[in-house]
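Report on the following structure.
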Amino acid sequence: MEELDSTILGGGCFWCLEAVYTRLDGVKSVVSGYTGGHVENPTYEQVCSGETNHAEVVKIIYDLNKTSLENLLKWFWRCHDPTTLNRQGADVGTQYRSVIYYKNEHQKTIAQNSKKDADSSGIFVNPIVTEIHALEVFYPAEDYHHDYYKKNPNAGYCNYIIRPKLEKLKLK
């Protein structure tokens, strides 16, 4: 029997994170969206303006019998650069910040320990700047953002950013 839980992560463009996490064992669904800002039900255009303070994030629903938050966070550190502030590659702005949102103290402790372990691992030359915050409200993104890579595999961003990332991570 499934035992479902969820987490919300931001690490650059939500299309990239969605493409990575949908390929992991135990992940039931991934929904692109926004959180961390002060505007209710923001649009993509509002978030991209930088004036809402929302981050592009993914809500990951996973089966605790097949994976764990610890495992999902190991992938998080591998699939983006947590040492760059408000930027992932050519994507620049506060909406692209590296951030983990927790919904309870247990998740907060796991996130803090995972960040500490990643920071002391020696993998990264620069210190990790990933933020860790309590989740307030998650707003799903507009429909056209959901399953973006799956629906648009030949789009430029998919060909030049997402596909190489998946190949590097050995995720097909």
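Following the order of the structure tokens, first chain is A, next is B, and so on, with residues numbered from 1 inside each chain and ligands from 1 in the order they appear.
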Per-residue nearest contacts of segment 82-169 of chain A to segment 38-47 of chain A (9 Å; only C-alpha atoms) as JSON lines:
```
{"residue": "A:Thr94", "atom": "CA", "partner": "A:Val47", "partner_atom": "CA", "distance": 9.0}
{"residue": "A:Gln95", "atom": "CA", "partner": "A:Val47", "partner_atom": "CA", "distance": 6.6}
{"residue": "A:Val137", "atom": "CA", "partner": "A:Glu40", "partner_atom": "CA", "distance": 8.8}
{"residue": "A:Phe138", "atom": "CA", "partner": "A:Asn41", "partner_atom": "CA", "distance": 8.9}
{"residue": "A:Tyr139", "atom": "CA", "partner": "A:Asn41", "partner_atom": "CA", "distance": 6.0}
{"residue": "A:Pro140", "atom": "CA", "partner": "A:Asn41", "partner_atom": "CA", "distance": 8.3}
{"residue": "A:Ala141", "atom": "CA", "partner": "A:Tyr44", "partner_atom": "CA", "distance": 7.1}
{"residue": "A:Glu142", "atom": "CA", "partner": "A:Thr43", "partner_atom": "CA", "distance": 7.4}
```
Taking the backbone alone, and naming residues the way the document does, which bits of chain A are alpha helix (DSSP H) by DSSP, as a count of residues only?
52
Got a sec: who's within 10 Å of Glu3 of chain A, counting only C-alpha atoms, leaving out chain neighbours fewer than 4 positions off, as a ChimeraX atom specification?
/A:62-66
Using only C-alpha atoms, which residues of segment 24-98 of chain A come within 6 Å of segment 114-132 of chain A, and what is the closest atom pair for each, with the distance in Å to one decimal? Give it as a tab-separated table, sorted by chain and residue number.
```
residue	atom	partner	partner_atom	distance
A:Pro82	CA	A:Ile128	CA	5.3
A:Thr83	CA	A:Ile128	CA	4.4
A:Ser98	CA	A:Thr130	CA	4.7
```
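We find atom CA of Lys168 of chain A and atom CA of Gly12 of chain A to be spaced 16.8 Å apart.
Picture a line from atom CA of Ile162 of chain A to atom CA of Cys16 of chain A; it runs 5.6 Å.
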Taking only C-alpha atoms into account, name the residue in A:Val57, A:Leu73, A:Val20, A:Cys48 that is nearest to Pro164 of chain A.
A:Val20
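If you look at atom CA of Lys165 of chain A and atom CA of Lys108 of chain A, they are 27.5 Å away from each other.
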Selection: 12 Å around Glu105 of chain A, only C-alpha atoms, excl. self and same-chain fewer than 3 positions, as a list in words:
Tyr101, Tyr102, Lys108, Thr109, Ile110, Ala111, Gln112, Ile132, His133, Ala134 and Leu135 of chain A
Give me a file of those residues, with N, CA and C atoms, as a compact mmCIF listing (two decimals), in the first residue's frame.
```
# COMPACT_ATOMS: atom_id res chain seq x y z
N TYR A 101 11.39 23.99 0.51
CA TYR A 101 10.27 24.36 1.38
C TYR A 101 9.86 23.13 2.18
N TYR A 102 9.73 23.31 3.46
CA TYR A 102 9.33 22.20 4.33
C TYR A 102 7.92 22.46 4.87
N LYS A 108 12.03 19.88 7.90
CA LYS A 108 13.01 20.95 8.10
C LYS A 108 14.35 20.37 8.54
N THR A 109 14.32 19.44 9.49
CA THR A 109 15.54 18.81 9.98
C THR A 109 16.25 18.04 8.87
N ILE A 110 15.48 17.29 8.08
CA ILE A 110 16.06 16.53 6.97
C ILE A 110 16.72 17.49 5.98
N ALA A 111 16.03 18.59 5.65
CA ALA A 111 16.57 19.57 4.70
C ALA A 111 17.85 20.19 5.22
N GLN A 112 17.86 20.60 6.49
CA GLN A 112 19.04 21.22 7.08
C GLN A 112 20.23 20.25 7.09
N ILE A 132 16.17 27.56 2.97
CA ILE A 132 15.24 26.58 3.53
C ILE A 132 14.16 27.37 4.27
N HIS A 133 12.91 27.20 3.82
CA HIS A 133 11.80 27.98 4.38
C HIS A 133 10.57 27.09 4.62
N ALA A 134 9.76 27.53 5.56
CA ALA A 134 8.46 26.87 5.77
C ALA A 134 7.56 27.17 4.57
N LEU A 135 6.84 26.16 4.15
CA LEU A 135 5.90 26.32 3.05
C LEU A 135 4.66 27.04 3.55
```
Please return, as JSON, numbers by chain, all residues of segment 39-170 of chain A that DSSP assigns to strand (DSSP E or B) on the basis of the backbone.
{"A": [55, 56, 57, 58, 59, 60, 61, 62, 63, 87, 88, 91, 92, 98, 99, 100, 101, 102, 131, 132, 133, 134, 139, 140]}
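Shortest atom-to-atom contact with Gly33 of chain A among A:Ala155, A:Leu69, A:Ile60, A:Ala90: A:Ile60, counting only C-alpha atoms.
Here the question is which of A:Thr35, A:Thr84, A:Asn104, A:Thr7 gets nearest to Asn71 of chain A using only C-alpha atoms, and that residue is A:Thr7.
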